[in-house]
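Let me begin by presenting the structure, written as structure tokens, before commenting on it.
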Amino acid sequence: MIRTARFLAALAAAACLLVRSDAAAIEPFLLGGDERLLLLAPHPDDETLAAGGLIQEALALDVPVRVCFFTMGDNNEIASLFTRRHPVLMPGTARSAGLRRQNESLAAATQLGLSTDDVVFLGYPDSGTLDVWNHHWRAVPPYRSPLTRANVVPYDNALTPGSAYAGEDILDDLEEVLRDFRPTHVLLPHPADHNVDHRALNLFARVALWNLEIDDLAPQILVYPVHFAQWPAPSRYQPTRAAEPPAFLESGADWLEYVLAPFQVSNKLAVLRRHHSQFLNASAYFQPFIRKSEVFAQLPDLAFPGGTGSADLEDRDDTLFRPNGDLLEALARDNDIWNEVAGQNAVETAALGDLDNDFIRETLSGDGIALNLSFRFRRPISPQATLSVRLFGYREDVPFGEMPKIEIEAGPRATPVVRDLNSKKPARSVELLPGEEDERILRVPYALLGRPDKILVGAKLVKGSLPIDGVPWRVIDLAGALLPPSPESEPEPEPEIQPAPEPIAPPPSEEPAAAPPPPPAPKVKAVPAPMPVPLAPRVSLPRRAIPEKTEANEPVMW
């Protein structure tokens with residue numbers, strides 16, 4: 001019976017290929033054999049929105065499944081599609097909201113066919129994990145959530161209660177989940193997702209997976225789309241319609257599709273209703289995700305062997321930070337609380353005025369010495385707007401937290417501002433090359449990035465704290481010949497300590513001649529102060545063991 005269902009699913013997927021008019025072919029996503037599926041979800045409900053049907057299919061085929069929640073969802077991530085800030089929409093404290101969403105996710109897991117032992121909660125700060133990624137490594141104090149007022153995981157039923165809101169601790173937790181379950185397939189959020197926690201989880205997970213390659217852990221990585229301002233389209237309940245990848249993400253990726261059986265479609269809706277606090281306030285948002293298929297993508301890294309190569313990347317997403325007004329109006333009909341979000345969105349749109357602009361092209365090239373980054377925009381960049389570029393290097397022989405975390409701000413000034421976390425670097429560390437009024441061009445020496453094996457690079461255009469537009473984070477793989485040291489970043493000669501001037505001899509006198517002065521001290525080079533020792537992970541509490549699934553804890557299916 002199971003094999004028949006899989007055959008029918010494959011047949012349905014083939015039929016979908018025949019009727020598609022777009023150029024992007026979508027292959028069927030089939031599971032079986034000795035495979036193990038790990039889904040990393042930024043918030044409770046993302047697991048169902050992205051792969052509620054695929055999870056049901058995997059369990060029917062006896063494929064082990066584990067779901068790991070990055071945050072407890074103690075904010076409301078849907079609101080971030082309509083406002084550039086993250087208001088709390090639920091009554092009561094943020095922590096109680098997180099506990100409520102955890103209980104809802106356990107009920108949803110049971111509805112999918114999972115046991116409670118198949119679910120892991122990490123408990124990191126909702127809407128704050130990208131800030132942790134950008135700023136909180138090494139000796140920088142942990143991030144403090146403005147919602148929970150916590151700077152460590154405050155939930156007793158998380159994997160590691162008390163883990164600091166810091167990059168090293170997040171990597172430790174993700175590596176433990178990966179090492180324990182040893183998946184053959186890992187589902188991650190798409191790096192272009194409009195929600196900050198989705199982008200952050202993709203970045204942390206990629207680094208955790210690189211760290212575990214030495215343990216022969218090399219699963220297939222698939223990314224799933226969820227939060228985009230005007231996707232899925234059309235924005236209404238259409239359970240017999242196939243899901244389509246966002247049109248602006250189709251190129252440059254190999255897309256896979258799982259076709260749901262009719263009973264899996266109806267059960268997916270029932271599972272979403274288990275996330276009661278979310279579905280009740282935003283059913284108009286959730287219902288368009290109930291489609292007869294789910295889509296996933298394989299994204300290749302950009303290959304620059306030995307630091308040489310080039311990539312010309314078109315950015316077709318012109319929806320970023322442009323909310324779907326029709327959907328917001330529909331949400332306001334469901335719940336008056338969305339009127340407050342609409343008002344806040346109007347205020348922020350007015351604050352941006354006519355600064356709205358789009359990335360349209362990103363060109364990356366390397367010559368073995370430095371990485372050149374060119375960003376072109378739809379129209380000339382306003383003097384009030386700043387391009388912020390982040391470049392994080394990775395080396396397998398250096399802990400990731402100790403690698404440079406470079407931020408470059410290229411504004412109207414003639415020289416860029418360069419930082420490594422909280423430390424300001426000399427402006428001459430990078431070059432701002434001449435370009436047209438609608439572009440910014442930077443040259444960044446590989447030595448500034450720690451001569452990495454891989455580079456994670458992302459960029460956004462901002463006005464103060466308000467983002468205008470952004471491009472997805474990308475991975476550049478520099479595997480190949482070793483990168484030579486960059487002459488542009490050679491250290492300056494150490495200053496020499498000059499000896500004190502010789503004393504002037506006194507005039508001759510009747511006194512006996514004094515002993516000759518000692519010879520001048522030899523020139524001594526100044527010794528720089530030692531670098532601070534990087535902090536170890538801030539918390540060393542015993543970690544809760546992740547239980548194995550056995551017949552004794554199998555869910556009872558009535």
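Starting from 1 in every chain, residues are counted up; chains themselves are A, B, ... following the order of the structure tokens, and ligands are numbered from 1 as listed.
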
Near A:Pro452, within 7 Å and counting only C-alpha atoms, which residues show up once chain neighbours fewer than 6 positions away are dropped, as a PDB file with N, CA and C atoms, in the first residue's frame?
```
ATOM      1  N   GLY A 393      34.463  34.986   7.713  1.00  0.00           N
ATOM      2  CA  GLY A 393      35.301  33.928   7.188  1.00  0.00           C
ATOM      3  C   GLY A 393      35.194  32.659   8.020  1.00  0.00           C
ATOM      4  N   TYR A 394      35.403  31.518   7.357  1.00  0.00           N
ATOM      5  CA  TYR A 394      35.392  30.214   8.036  1.00  0.00           C
ATOM      6  C   TYR A 394      36.649  29.454   7.663  1.00  0.00           C
ATOM      7  N   ARG A 395      37.311  28.879   8.686  1.00  0.00           N
ATOM      8  CA  ARG A 395      38.438  27.971   8.470  1.00  0.00           C
ATOM      9  C   ARG A 395      38.235  26.762   9.362  1.00  0.00           C
TER      10      ARG A 395
END
```

(Q) I'd like the contact shell of A:Leu174 - 12 Å cut-off, only C-alpha atoms, skipping same-chain residues fewer than 4 positions apart - returned as number ranges by chain. (A) A: 38-41, 67-70, 120-124, 159-160, 167-170, 178-182, 186, 201-212

Pull C-alpha atoms from the residues just selected and write them as an mmCIF file, in the first residue's frame.
```cif
data_model
loop_
_atom_site.group_PDB
_atom_site.id
_atom_site.type_symbol
_atom_site.label_atom_id
_atom_site.label_comp_id
_atom_site.auth_asym_id
_atom_site.auth_seq_id
_atom_site.Cartn_x
_atom_site.Cartn_y
_atom_site.Cartn_z
ATOM 1 C CA LEU A 38 15.986 16.553 10.361
ATOM 2 C CA LEU A 39 13.907 19.719 10.034
ATOM 3 C CA LEU A 40 15.324 22.878 11.641
ATOM 4 C CA ALA A 41 12.447 25.294 12.288
ATOM 5 C CA VAL A 67 12.149 18.556 14.455
ATOM 6 C CA CYS A 68 14.363 21.127 16.183
ATOM 7 C CA PHE A 69 12.873 24.528 17.083
ATOM 8 C CA PHE A 70 15.380 27.387 17.171
ATOM 9 C CA VAL A 120 13.797 19.421 20.473
ATOM 10 C CA PHE A 121 13.557 23.035 21.686
ATOM 11 C CA LEU A 122 16.632 25.278 21.843
ATOM 12 C CA GLY A 123 14.881 28.406 23.217
ATOM 13 C CA TYR A 124 16.989 31.177 21.675
ATOM 14 C CA LEU A 159 17.877 21.357 25.381
ATOM 15 C CA THR A 160 20.333 23.407 27.460
ATOM 16 C CA GLY A 167 27.080 32.592 18.861
ATOM 17 C CA GLU A 168 29.302 29.892 20.368
ATOM 18 C CA ASP A 169 26.478 28.480 22.501
ATOM 19 C CA ILE A 170 24.071 28.326 19.559
ATOM 20 C CA LEU A 178 23.147 17.055 14.429
ATOM 21 C CA ARG A 179 25.698 14.726 15.996
ATOM 22 C CA ASP A 180 23.059 12.886 18.015
ATOM 23 C CA PHE A 181 20.557 12.334 15.191
ATOM 24 C CA ARG A 182 23.020 12.019 12.256
ATOM 25 C CA VAL A 186 18.563 18.503 6.681
ATOM 26 C CA LEU A 201 19.149 29.714 11.469
ATOM 27 C CA ASN A 202 20.359 29.042 7.935
ATOM 28 C CA LEU A 203 23.710 30.700 8.743
ATOM 29 C CA PHE A 204 24.275 29.024 12.108
ATOM 30 C CA ALA A 205 23.285 25.617 10.706
ATOM 31 C CA ARG A 206 25.661 25.903 7.751
ATOM 32 C CA VAL A 207 28.583 26.584 10.102
ATOM 33 C CA ALA A 208 27.552 23.753 12.441
ATOM 34 C CA LEU A 209 27.446 21.355 9.486
ATOM 35 C CA TRP A 210 30.919 22.472 8.330
ATOM 36 C CA ASN A 211 32.253 21.887 11.832
ATOM 37 C CA LEU A 212 30.930 18.318 11.759
#
```

Q: Calculate how many Å separate atom CA of A:Glu439 from atom CA of A:Ile381, rounding to one decimal.
A: 7.5 Å

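Of note, atom CA of A:Asn372 and atom CA of A:Glu431 are spaced 9.3 Å apart.
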
Q.
Env of stretch 470-476 of chain A: 8 Å cut, atoms = only C-alpha atoms, seq-sep filter 2 positions within chain, self excluded. Answer as number ranges by chain.
A. A: 191-193, 199, 301-304, 315, 320, 358-359, 454-461, 467-468, 478

Q: Record the distance separating atom CA of A:Ala51 and atom CA of A:Glu329, expressed in Å with one decimal.
A: 27.3 Å

Would you list the contacts of stretch 349-351 of chain A as a short mmCIF file (atom, residue, chain, number, x, y, z; two decimals) with N, CA, C and O atoms, in the first residue's frame, taking every protein, DNA or RNA residue within 10 Å and counting only C-alpha atoms, but skipping same-chain residues closer than 2 positions in sequence?
```
data_model
loop_
_atom_site.label_atom_id
_atom_site.label_comp_id
_atom_site.auth_asym_id
_atom_site.auth_seq_id
_atom_site.Cartn_x
_atom_site.Cartn_y
_atom_site.Cartn_z
N THR A 83 5.99 45.02 9.15
CA THR A 83 6.64 46.12 9.85
C THR A 83 8.11 45.79 10.00
O THR A 83 8.49 44.63 10.06
N ARG A 84 8.94 46.81 10.06
CA ARG A 84 10.37 46.59 10.16
C ARG A 84 10.81 46.35 11.60
O ARG A 84 11.96 46.10 11.87
N PHE A 321 10.25 44.09 2.11
CA PHE A 321 9.76 45.22 2.89
C PHE A 321 8.65 46.00 2.19
O PHE A 321 8.42 47.16 2.48
N ARG A 322 7.98 45.34 1.24
CA ARG A 322 6.78 45.93 0.66
C ARG A 322 5.63 44.99 0.98
O ARG A 322 5.38 44.04 0.27
N GLY A 343 -0.91 50.53 11.30
CA GLY A 343 -0.52 51.89 11.66
C GLY A 343 0.98 52.05 11.78
O GLY A 343 1.56 53.04 11.33
N GLN A 344 1.63 51.05 12.40
CA GLN A 344 3.08 51.11 12.55
C GLN A 344 3.76 51.02 11.19
O GLN A 344 4.74 51.72 10.92
N ASN A 345 3.24 50.17 10.30
CA ASN A 345 3.81 50.07 8.97
C ASN A 345 3.70 51.40 8.24
O ASN A 345 4.63 51.82 7.54
N ALA A 346 2.56 52.09 8.39
CA ALA A 346 2.38 53.38 7.73
C ALA A 346 3.39 54.41 8.25
O ALA A 346 3.96 55.19 7.47
N VAL A 347 3.65 54.41 9.56
CA VAL A 347 4.61 55.34 10.14
C VAL A 347 6.01 55.09 9.59
O VAL A 347 6.74 56.03 9.22
N GLY A 353 10.22 57.76 3.50
CA GLY A 353 9.97 58.74 2.45
C GLY A 353 10.22 58.17 1.08
O GLY A 353 9.73 57.10 0.73
N ASP A 354 11.01 58.88 0.28
CA ASP A 354 11.28 58.44 -1.08
C ASP A 354 12.63 57.73 -1.20
O ASP A 354 13.21 57.66 -2.28
N LEU A 355 13.12 57.17 -0.07
CA LEU A 355 14.42 56.49 -0.09
C LEU A 355 14.33 55.06 -0.58
O LEU A 355 15.35 54.41 -0.77
N ASP A 356 13.11 54.53 -0.73
CA ASP A 356 12.98 53.13 -1.11
C ASP A 356 13.76 52.86 -2.39
O ASP A 356 13.69 53.61 -3.36
N LYS A 463 18.50 53.02 6.20
CA LYS A 463 18.47 54.42 6.66
C LYS A 463 18.43 54.36 8.18
O LYS A 463 17.39 54.04 8.76
N LEU A 466 16.37 51.57 10.00
CA LEU A 466 15.31 51.06 9.14
C LEU A 466 15.91 50.45 7.87
O LEU A 466 16.57 51.15 7.09
N ILE A 468 16.07 49.19 4.08
CA ILE A 468 15.40 49.56 2.83
C ILE A 468 15.28 48.34 1.93
O ILE A 468 14.22 48.06 1.39
#
```

Q: Do a neighbour search on A:Ala109 at 12 Å with only C-alpha atoms, toss out local chain neighbours closer than 3 positions, and write the hits as an NGL selection string.
A: :A and (44-48 or 52 or 55-56 or 59 or 65-69 or 102-106 or 112-120 or 267-268 or 270-275 or 555)

Resulting file, chosen residues, N, CA and C atoms, as an mmCIF file, in the first residue's frame:
```cif
data_model
loop_
_atom_site.group_PDB
_atom_site.id
_atom_site.type_symbol
_atom_site.label_atom_id
_atom_site.label_comp_id
_atom_site.auth_asym_id
_atom_site.auth_seq_id
_atom_site.Cartn_x
_atom_site.Cartn_y
_atom_site.Cartn_z
ATOM 1 N N PRO A 44 7.859 27.610 16.250
ATOM 2 C CA PRO A 44 6.747 26.664 16.152
ATOM 3 C C PRO A 44 5.761 27.124 15.082
ATOM 4 N N ASP A 45 5.365 26.235 14.236
ATOM 5 C CA ASP A 45 4.471 26.313 13.062
ATOM 6 C C ASP A 45 5.241 26.304 11.751
ATOM 7 N N ASP A 46 6.535 26.709 11.770
ATOM 8 C CA ASP A 46 7.306 26.679 10.522
ATOM 9 C C ASP A 46 7.494 25.262 10.006
ATOM 10 N N GLU A 47 7.556 24.287 10.933
ATOM 11 C CA GLU A 47 7.732 22.903 10.494
ATOM 12 C C GLU A 47 6.550 22.436 9.660
ATOM 13 N N THR A 48 5.339 22.893 10.021
ATOM 14 C CA THR A 48 4.137 22.482 9.297
ATOM 15 C C THR A 48 3.980 23.277 8.009
ATOM 16 N N GLY A 52 4.783 20.017 6.350
ATOM 17 C CA GLY A 52 3.792 19.203 7.048
ATOM 18 C C GLY A 52 3.426 17.940 6.293
ATOM 19 N N ILE A 55 6.672 15.445 6.237
ATOM 20 C CA ILE A 55 6.844 14.760 7.526
ATOM 21 C C ILE A 55 5.893 13.579 7.622
ATOM 22 N N GLN A 56 4.648 13.782 7.219
ATOM 23 C CA GLN A 56 3.687 12.676 7.251
ATOM 24 C C GLN A 56 4.152 11.521 6.360
ATOM 25 N N LEU A 59 7.152 9.566 7.963
ATOM 26 C CA LEU A 59 6.741 8.682 9.050
ATOM 27 C C LEU A 59 6.011 7.450 8.509
ATOM 28 N N VAL A 65 12.301 10.902 11.852
ATOM 29 C CA VAL A 65 12.158 12.351 11.685
ATOM 30 C C VAL A 65 12.422 13.015 13.029
ATOM 31 N N ARG A 66 13.160 14.101 13.002
ATOM 32 C CA ARG A 66 13.315 14.926 14.192
ATOM 33 C C ARG A 66 13.098 16.377 13.793
ATOM 34 N N VAL A 67 12.392 17.134 14.662
ATOM 35 C CA VAL A 67 12.149 18.556 14.455
ATOM 36 C C VAL A 67 12.829 19.316 15.577
ATOM 37 N N CYS A 68 13.649 20.303 15.211
ATOM 38 C CA CYS A 68 14.363 21.127 16.183
ATOM 39 C C CYS A 68 13.912 22.567 16.021
ATOM 40 N N PHE A 69 13.350 23.147 17.105
ATOM 41 C CA PHE A 69 12.873 24.528 17.083
ATOM 42 C C PHE A 69 13.964 25.445 17.624
ATOM 43 N N GLN A 102 5.084 26.442 22.751
ATOM 44 C CA GLN A 102 5.722 25.140 22.861
ATOM 45 C C GLN A 102 4.677 24.040 23.034
ATOM 46 N N ASN A 103 3.705 24.267 23.886
ATOM 47 C CA ASN A 103 2.645 23.271 24.081
ATOM 48 C C ASN A 103 1.867 23.044 22.785
ATOM 49 N N GLU A 104 1.604 24.128 22.060
ATOM 50 C CA GLU A 104 0.892 23.990 20.786
ATOM 51 C C GLU A 104 1.712 23.174 19.789
ATOM 52 N N SER A 105 3.031 23.391 19.774
ATOM 53 C CA SER A 105 3.863 22.655 18.823
ATOM 54 C C SER A 105 3.909 21.172 19.169
ATOM 55 N N LEU A 106 3.848 20.815 20.446
ATOM 56 C CA LEU A 106 3.802 19.405 20.822
ATOM 57 C C LEU A 106 2.488 18.764 20.389
ATOM 58 N N LEU A 112 0.805 15.267 13.566
ATOM 59 C CA LEU A 112 1.597 14.840 12.403
ATOM 60 C C LEU A 112 1.988 13.367 12.490
ATOM 61 N N GLY A 113 1.998 12.814 13.704
ATOM 62 C CA GLY A 113 2.436 11.439 13.894
ATOM 63 C C GLY A 113 3.753 11.318 14.608
ATOM 64 N N LEU A 114 4.328 12.445 15.041
ATOM 65 C CA LEU A 114 5.575 12.442 15.790
ATOM 66 C C LEU A 114 5.298 12.163 17.266
ATOM 67 N N SER A 115 6.293 11.679 17.980
ATOM 68 C CA SER A 115 6.208 11.597 19.438
ATOM 69 C C SER A 115 6.875 12.831 20.027
ATOM 70 N N THR A 116 6.633 13.087 21.289
ATOM 71 C CA THR A 116 7.257 14.244 21.932
ATOM 72 C C THR A 116 8.771 14.097 21.975
ATOM 73 N N ASP A 117 9.288 12.870 21.910
ATOM 74 C CA ASP A 117 10.731 12.659 21.907
ATOM 75 C C ASP A 117 11.360 12.958 20.556
ATOM 76 N N ASP A 118 10.544 13.204 19.552
ATOM 77 C CA ASP A 118 11.061 13.561 18.230
ATOM 78 C C ASP A 118 11.207 15.072 18.068
ATOM 79 N N VAL A 119 10.956 15.826 19.146
ATOM 80 C CA VAL A 119 10.948 17.286 19.077
ATOM 81 C C VAL A 119 11.964 17.838 20.080
ATOM 82 N N VAL A 120 12.785 18.791 19.630
ATOM 83 C CA VAL A 120 13.797 19.421 20.473
ATOM 84 C C VAL A 120 13.585 20.930 20.424
ATOM 85 N N ASN A 267 -4.980 16.901 6.689
ATOM 86 C CA ASN A 267 -4.340 16.776 7.993
ATOM 87 C C ASN A 267 -3.385 17.938 8.249
ATOM 88 N N LYS A 268 -2.756 18.452 7.187
ATOM 89 C CA LYS A 268 -1.871 19.608 7.355
ATOM 90 C C LYS A 268 -2.658 20.805 7.876
ATOM 91 N N ALA A 270 -5.361 20.574 9.706
ATOM 92 C CA ALA A 270 -5.671 20.259 11.100
ATOM 93 C C ALA A 270 -4.468 20.512 12.003
ATOM 94 N N VAL A 271 -3.263 20.218 11.496
ATOM 95 C CA VAL A 271 -2.054 20.456 12.281
ATOM 96 C C VAL A 271 -1.852 21.953 12.505
ATOM 97 N N LEU A 272 -2.051 22.754 11.474
ATOM 98 C CA LEU A 272 -1.900 24.208 11.637
ATOM 99 C C LEU A 272 -2.890 24.754 12.669
ATOM 100 N N ARG A 273 -4.072 24.187 12.717
ATOM 101 C CA ARG A 273 -5.054 24.645 13.711
ATOM 102 C C ARG A 273 -4.587 24.337 15.136
ATOM 103 N N ARG A 274 -3.689 23.344 15.293
ATOM 104 C CA ARG A 274 -3.132 23.056 16.616
ATOM 105 C C ARG A 274 -2.263 24.212 17.120
ATOM 106 N N HIS A 275 -1.695 24.974 16.189
ATOM 107 C CA HIS A 275 -0.962 26.189 16.577
ATOM 108 C C HIS A 275 -2.008 27.293 16.792
ATOM 109 N N PRO A 555 3.781 7.265 19.597
ATOM 110 C CA PRO A 555 2.451 7.813 19.793
ATOM 111 C C PRO A 555 1.378 6.787 19.451
#
```
